[in-house]
$ cat structure13.csv   # CSV, C-alpha atoms and all ligand atoms
chain,number,residue,atom,x,y,z
A,1,MET,CA,90.6,92.5,118.4
A,2,ARG,CA,92.7,93.4,115.4
A,3,LYS,CA,91.6,91.5,112.2
A,4,LYS,CA,94.5,89.6,110.6
A,5,LEU,CA,95.5,90.9,107.2
A,6,VAL,CA,97.4,89.0,104.5
A,7,ALA,CA,98.7,91.0,101.6
A,8,GLY,CA,100.5,89.9,98.4
A,9,ASN,CA,103.1,92.0,96.8
A,10,TRP,CA,103.5,90.7,93.2
A,11,LYS,CA,106.4,93.1,92.4
A,12,SER,CA,107.3,93.1,88.7
A,13,PHE,CA,106.2,89.6,87.9
A,14,LEU,CA,103.6,87.9,85.7
A,15,ARG,CA,102.4,88.8,82.2
A,16,TYR,CA,98.8,89.7,81.6
A,17,ASP,CA,97.3,86.2,81.1
A,18,ALA,CA,99.1,84.7,84.2
A,19,ALA,CA,98.0,87.7,86.3
A,20,MET,CA,94.4,87.4,85.3
A,21,ASP,CA,94.5,83.7,86.0
A,22,LEU,CA,95.8,84.2,89.5
A,23,LEU,CA,93.3,87.0,90.2
A,24,SER,CA,90.4,84.9,89.0
A,25,SER,CA,91.5,81.8,91.0
A,26,LEU,CA,91.9,83.9,94.1
A,27,THR,CA,88.5,85.4,93.7
A,28,HIS,CA,87.0,82.0,93.2
A,29,HIS,CA,88.8,80.6,96.2
A,30,LEU,CA,88.0,83.5,98.6
A,31,THR,CA,84.3,83.7,97.5
A,32,ASN,CA,83.9,80.0,98.3
A,33,HIS,CA,86.2,79.6,101.3
A,34,ASN,CA,86.9,82.8,103.1
A,35,ASP,CA,84.7,83.6,106.0
A,36,ASN,CA,85.9,87.2,106.3
A,37,THR,CA,87.9,86.4,109.4
A,38,VAL,CA,91.1,87.4,107.5
A,39,GLU,CA,91.4,90.5,105.3
A,40,VAL,CA,93.2,89.9,102.0
A,41,VAL,CA,94.8,92.5,99.8
A,42,VAL,CA,96.8,92.0,96.6
A,43,PHE,CA,99.3,94.5,95.1
A,44,PRO,CA,99.6,93.6,91.4
A,45,PRO,CA,101.7,95.7,88.9
A,46,ALA,CA,100.1,99.0,88.0
A,47,ILE,CA,99.0,98.1,84.5
A,48,TYR,CA,96.7,95.4,85.9
A,49,LEU,CA,95.0,97.4,88.6
A,50,GLU,CA,91.8,98.4,86.9
A,51,SER,CA,91.2,94.7,85.8
A,52,ALA,CA,92.2,93.6,89.3
A,53,VAL,CA,89.5,95.8,90.9
A,54,ARG,CA,86.9,94.3,88.6
A,55,MET,CA,88.1,90.7,89.0
A,56,ALA,CA,88.3,90.9,92.8
A,57,ALA,CA,84.6,91.7,92.9
A,58,GLY,CA,85.0,92.7,96.5
A,59,ALA,CA,86.4,89.3,97.6
A,60,TYR,CA,89.7,91.0,98.4
A,61,GLY,CA,91.2,94.5,98.4
A,62,VAL,CA,93.4,95.8,95.6
A,63,GLY,CA,96.4,98.0,96.2
A,64,ALA,CA,99.1,99.7,94.1
A,65,GLN,CA,102.8,99.0,94.7
A,66,ASN,CA,103.8,102.7,94.3
A,67,CYS,CA,102.5,106.2,93.5
A,68,SER,CA,103.9,109.6,92.6
A,69,SER,CA,105.1,111.8,95.4
A,70,ASN,CA,103.3,114.7,93.5
A,71,THR,CA,99.7,115.5,93.4
A,72,GLU,CA,99.5,116.0,89.6
A,73,GLY,CA,101.5,117.8,86.9
A,74,ALA,CA,104.1,117.5,84.3
A,75,TYR,CA,105.8,114.3,85.6
A,76,THR,CA,106.2,112.0,82.6
A,77,GLY,CA,105.6,108.4,83.5
A,78,GLU,CA,104.2,108.9,87.0
A,79,VAL,CA,101.0,107.6,88.3
A,80,THR,CA,99.4,109.6,91.0
A,81,ALA,CA,97.5,108.4,94.1
A,82,ASN,CA,94.4,110.2,92.9
A,83,MET,CA,94.4,108.4,89.6
A,84,LEU,CA,94.8,105.1,91.5
A,85,THR,CA,91.8,105.7,93.7
A,86,SER,CA,89.8,106.9,90.7
A,87,VAL,CA,89.9,103.4,89.3
A,88,GLY,CA,89.0,101.7,92.6
A,89,VAL,CA,92.4,101.1,94.2
A,90,GLN,CA,92.0,101.2,97.9
A,91,HIS,CA,95.5,100.7,99.2
A,92,ILE,CA,99.0,102.0,98.3
A,93,LEU,CA,102.4,100.6,99.4
A,94,THR,CA,105.2,102.9,100.1
A,95,GLY,CA,108.6,102.7,101.8
A,96,HIS,CA,109.4,99.3,100.4
A,97,SER,CA,113.1,98.6,100.7
A,98,GLU,CA,113.4,97.8,97.0
A,99,ARG,CA,112.1,101.4,96.3
A,100,ARG,CA,114.5,102.8,98.9
A,101,GLN,CA,117.5,100.9,97.7
A,102,LEU,CA,117.0,100.5,94.0
A,103,PHE,CA,115.2,103.8,93.2
A,104,GLY,CA,116.8,106.0,95.8
A,105,GLU,CA,113.6,106.9,97.7
A,106,SER,CA,114.5,108.8,100.9
A,107,ASN,CA,112.5,109.1,104.0
A,108,ASP,CA,111.4,112.5,102.7
A,109,VAL,CA,110.1,111.1,99.5
A,110,VAL,CA,108.3,108.4,101.4
A,111,LYS,CA,106.8,111.1,103.6
A,112,ASP,CA,105.5,112.9,100.5
A,113,LYS,CA,104.0,109.7,99.2
A,114,ILE,CA,102.3,109.0,102.5
A,115,ASN,CA,100.7,112.5,102.3
A,116,ARG,CA,99.5,111.9,98.7
A,117,ILE,CA,98.1,108.5,99.7
A,118,THR,CA,96.2,110.0,102.7
A,119,GLU,CA,94.9,112.9,100.6
A,120,ALA,CA,93.6,110.5,98.0
A,121,GLY,CA,91.7,108.5,100.6
A,122,ALA,CA,93.6,105.3,100.2
A,123,THR,CA,95.1,103.2,103.0
A,124,PRO,CA,98.9,103.7,103.2
A,125,PHE,CA,100.9,100.4,103.7
A,126,PHE,CA,104.1,101.8,105.1
A,127,CYS,CA,107.2,99.5,105.0
A,128,CYS,CA,110.1,99.8,107.3
A,129,GLY,CA,113.0,97.6,108.3
A,130,GLU,CA,116.7,97.4,108.8
A,131,THR,CA,119.6,96.1,106.7
A,132,LEU,CA,121.7,93.2,107.8
A,133,GLU,CA,124.6,95.5,108.7
A,134,ALA,CA,122.2,97.5,111.0
A,135,ARG,CA,120.9,94.3,112.6
A,136,GLN,CA,124.5,93.1,113.2
A,137,ALA,CA,125.4,96.4,114.8
A,138,GLN,CA,122.3,96.1,117.0
A,139,LEU,CA,120.8,99.2,115.4
A,140,HIS,CA,117.6,97.7,114.1
A,141,LYS,CA,115.3,99.5,116.6
A,142,LYS,CA,117.1,102.8,116.0
A,143,VAL,CA,116.7,102.5,112.2
A,144,VAL,CA,113.0,101.6,112.3
A,145,GLU,CA,112.3,104.3,114.8
A,146,ALA,CA,114.0,106.9,112.6
A,147,GLN,CA,112.0,105.7,109.6
A,148,LEU,CA,108.7,106.0,111.5
A,149,GLN,CA,109.7,109.5,112.8
A,150,ALA,CA,110.8,110.8,109.4
A,151,SER,CA,107.9,109.6,107.3
A,152,LEU,CA,104.9,108.8,109.4
A,153,PHE,CA,104.8,110.7,112.7
A,154,HIS,CA,103.8,114.0,111.2
A,155,LEU,CA,100.4,112.6,110.5
A,156,SER,CA,97.4,113.6,112.6
A,157,GLU,CA,96.2,110.8,114.9
A,158,ASP,CA,93.1,110.5,112.6
A,159,ASP,CA,95.2,110.0,109.5
A,160,PHE,CA,97.7,107.7,111.3
A,161,ASN,CA,94.8,105.5,112.3
A,162,LYS,CA,94.3,104.5,108.6
A,163,VAL,CA,97.9,103.3,108.2
A,164,VAL,CA,99.1,99.7,108.1
A,165,ILE,CA,102.7,99.1,108.9
A,166,ALA,CA,104.8,96.3,107.4
A,167,TYR,CA,108.0,95.5,109.3
A,168,GLU,CA,110.3,94.0,106.6
A,169,PRO,CA,113.9,93.4,107.6
A,170,VAL,CA,115.8,93.9,104.4
A,171,TRP,CA,117.9,90.8,105.0
A,172,ALA,CA,114.8,88.6,105.0
A,173,ILE,CA,113.3,89.9,101.7
A,174,GLY,CA,113.5,87.4,98.9
A,175,THR,CA,116.3,85.5,100.7
A,176,GLY,CA,114.5,82.5,102.1
A,177,VAL,CA,115.7,83.5,105.5
A,178,ASN,CA,112.8,84.9,107.6
A,179,ALA,CA,113.1,86.7,110.9
A,180,THR,CA,112.4,84.2,113.7
A,181,ALA,CA,109.1,84.6,115.5
A,182,ALA,CA,111.0,86.0,118.5
A,183,GLN,CA,112.8,88.6,116.3
A,184,ALA,CA,109.5,89.6,114.6
A,185,GLN,CA,107.6,89.8,117.9
A,186,GLU,CA,110.4,91.9,119.5
A,187,MET,CA,110.3,94.5,116.6
A,188,HIS,CA,106.5,94.5,116.4
A,189,ALA,CA,106.2,95.2,120.1
A,190,PHE,CA,108.8,97.9,119.8
A,191,ILE,CA,106.9,99.6,116.9
A,192,ARG,CA,103.6,99.4,118.8
A,193,GLU,CA,105.3,100.9,121.9
A,194,THR,CA,106.8,103.7,119.8
A,195,VAL,CA,103.4,104.5,118.3
A,196,ALA,CA,101.8,104.5,121.8
A,197,GLN,CA,104.3,107.1,122.9
A,198,GLN,CA,103.8,109.2,119.8
A,199,TYR,CA,100.0,109.0,119.7
A,200,SER,CA,98.1,107.0,122.3
A,201,LYS,CA,97.7,103.5,123.7
A,202,GLU,CA,94.3,103.2,121.8
A,203,THR,CA,95.9,104.1,118.5
A,204,ALA,CA,98.8,101.7,119.1
A,205,ALA,CA,96.4,98.9,120.2
A,206,SER,CA,94.3,99.2,116.9
A,207,LEU,CA,97.3,99.5,114.6
A,208,ARG,CA,98.0,96.5,112.3
A,209,ILE,CA,101.6,95.6,112.0
A,210,LEU,CA,102.4,93.0,109.3
A,211,TYR,CA,105.6,91.0,109.0
A,212,GLY,CA,107.3,90.7,105.6
A,213,GLY,CA,110.3,88.8,104.4
A,214,SER,CA,110.3,85.2,103.2
A,215,VAL,CA,106.9,84.3,104.6
A,216,LYS,CA,105.8,80.9,103.3
A,217,PRO,CA,103.2,78.3,104.2
A,218,GLU,CA,105.8,76.6,106.5
A,219,ASN,CA,106.5,79.6,108.7
A,220,ALA,CA,103.3,81.6,108.6
A,221,ALA,CA,101.5,80.0,111.5
A,222,GLU,CA,104.3,80.5,113.9
A,223,LEU,CA,104.8,84.1,112.9
A,224,PHE,CA,101.0,84.7,113.2
A,225,SER,CA,101.0,83.2,116.6
A,226,CYS,CA,103.0,86.2,118.0
A,227,ALA,CA,100.9,88.7,120.0
A,228,ASP,CA,101.9,91.7,117.9
A,229,VAL,CA,102.1,90.1,114.4
A,230,ASP,CA,98.8,91.0,112.7
A,231,GLY,CA,99.4,89.3,109.4
A,232,ALA,CA,102.0,89.4,106.6
A,233,LEU,CA,103.1,91.2,103.5
A,234,VAL,CA,104.0,88.2,101.2
A,235,GLY,CA,106.2,88.6,98.1
A,236,GLY,CA,107.3,85.4,96.3
A,237,ALA,CA,104.8,83.1,97.9
A,238,SER,CA,101.9,85.4,96.8
A,239,LEU,CA,102.5,84.4,93.2
A,240,LYS,CA,101.5,80.8,93.8
A,241,LEU,CA,97.8,80.4,94.5
A,242,ASN,CA,98.2,77.4,96.8
A,243,ASP,CA,101.0,79.0,98.9
A,244,PHE,CA,99.1,82.3,99.2
A,245,VAL,CA,95.9,80.5,100.2
A,246,SER,CA,97.8,78.4,102.8
A,247,ILE,CA,99.2,81.6,104.3
A,248,ILE,CA,95.7,83.1,104.4
A,249,HIS,CA,94.5,79.9,106.1
A,250,ALA,CA,97.3,80.1,108.7
A,251,ALA,CA,96.0,83.6,109.7
A,252,LYS,CA,92.5,82.4,110.6
A,253,PRO,CA,91.7,82.6,114.3
A,254,LEU,CA,91.5,79.2,116.0
A,255,LEU,CA,87.9,78.6,116.9
A,301,LIG,P1,109.4,88.0,100.0
A,301,LIG,O1,109.1,89.6,99.8
A,301,LIG,O2,108.1,87.4,100.6
A,301,LIG,O3,109.6,87.5,98.6
A,301,LIG,O4,110.6,87.9,100.8
A,301,LIG,C1,108.4,90.3,100.7
A,301,LIG,C2,108.3,91.7,100.3
A,301,LIG,O5,109.2,92.2,99.6
A,301,LIG,O6,107.3,92.4,100.6

$ encode --input "structure13.csv" --output "structure tokens"
Amino acid sequence: MRKKLVAGNWKSFLRYDAAMDLLSSLTHHLTNHNDNTVEVVVFPPAIYLESAVRMAAGAYGVGAQNCSSNTEGAYTGEVTANMLTSVGVQHILTGHSERRQLFGESNDVVKDKINRITEAGATPFFCCGETLEARQAQLHKKVVEAQLQASLFHLSEDDFNKVVIAYEPVWAIGTGVNATAAQAQEMHAFIRETVAQQYSKETAASLRILYGGSVKPENAAELFSCADVDGALVGGASLKLNDFVSIIHAAKPLL
């Protein structure tokens, strides 16, 4: 049984005080209410990561939204995967469509980052997903398959087993228009099948595939009820404690 995982991508929001308030409320809530049936991870802005690790106190995982594609060196302004793990960061996001589109990150750059994350011993959260144009042209499976091939499938099976994939259709991110449960299930099943062909049925069966793109308390339960949807990568709704907690709650297995 794959454990459900709900992750919050804060993007470039919240000043220090608001960020600390949200972290401390989340720690308080999860310490009192989470029974460990759902794994929770937050991805705050880099400058808050060290505090976040301390404030999480093990109640949830802490991840970085980005890292350098280089190991170390004269790269002014860059933060390396090794530095991140040295302050207790356990997960690193890469391949997010905002980084691809706004910062020109190619599949090759994403591949380099995946390697740096794996070498540093963190969990790579790999985002993939098609644009609206690609979906309208019925190219969504092709696009996602190409992203997997180009940036992930060079990994050994051992390293691949540490990866979490987030399927995030670009047209659903921050738009309020989520993929329907049927659209998400179709793509997640396709990703799992592609992984089974590349690696093995066992690796595909244990891989967690999150859905991302306008996840909110109102649509989370339906998305989580899909056989191949193992949780969510939540943007906007992860900034509001009550919404994020409702989404975590929706991921709990029905007893
Ligand atoms: P959203 O963002 O939930 O605000 O659509 C999701 C993401 O970018 O990971």

$ residues_around --input "structure13.csv" --residues "Ala172 of chain A" --least-positions-apart "5" --cutoff "7 Å" --atoms "all atoms listed in the file" --output "ChimeraX atom specification"
/A:177-179,213-214

$ residues_near_point --input "structure13.csv" --point "(89.0, 88.6, 91.2)" --cutoff "6 Å" --atoms "only C-alpha atoms" --output "count of residues only"
6

$ residues_near_ligand --input "structure13.csv" --ligand "ligand LIG 301 (chain A)" --cutoff "8 Å" --atoms "only C-alpha atoms and all ligand atoms" --output "JSON, numbers by chain"
{"A": [8, 9, 11, 96, 97, 98, 168, 172, 173, 174, 175, 176, 178, 212, 213, 214, 215, 216, 233, 234, 235, 236, 237, 238]}

$ closest_residue --input "structure13.csv" --among "A:Lys111, A:Gly58, A:Glu50, A:Ala18" --to "Leu30 of chain A" --atoms "all atoms listed in the file"
A:Gly58

$ closest_residue --input "structure13.csv" --among "A:Leu239, A:Asn70, A:Met187, A:His29" --to "Trp10 of chain A" --atoms "all atoms listed in the file"
A:Leu239

$ atom_distance --input "structure13.csv" --atom1 "atom CA of Leu102 of chain A" --atom2 "atom CA of Gln147 of chain A"
17.2 Å

$ residues_near_point --input "structure13.csv" --point "(106.9, 101.2, 105.6)" --cutoff "8 Å" --atoms "all atoms listed in the file" --output "VMD selection string"
chain A and resid 93 to 96 125 to 129 147 to 148 165 to 167

$ closest_residue --input "structure13.csv" --among "A:Ala251, A:Leu241, A:Ile47, A:Met83" --to "Val229 of chain A" --atoms "only C-alpha atoms"
A:Ala251
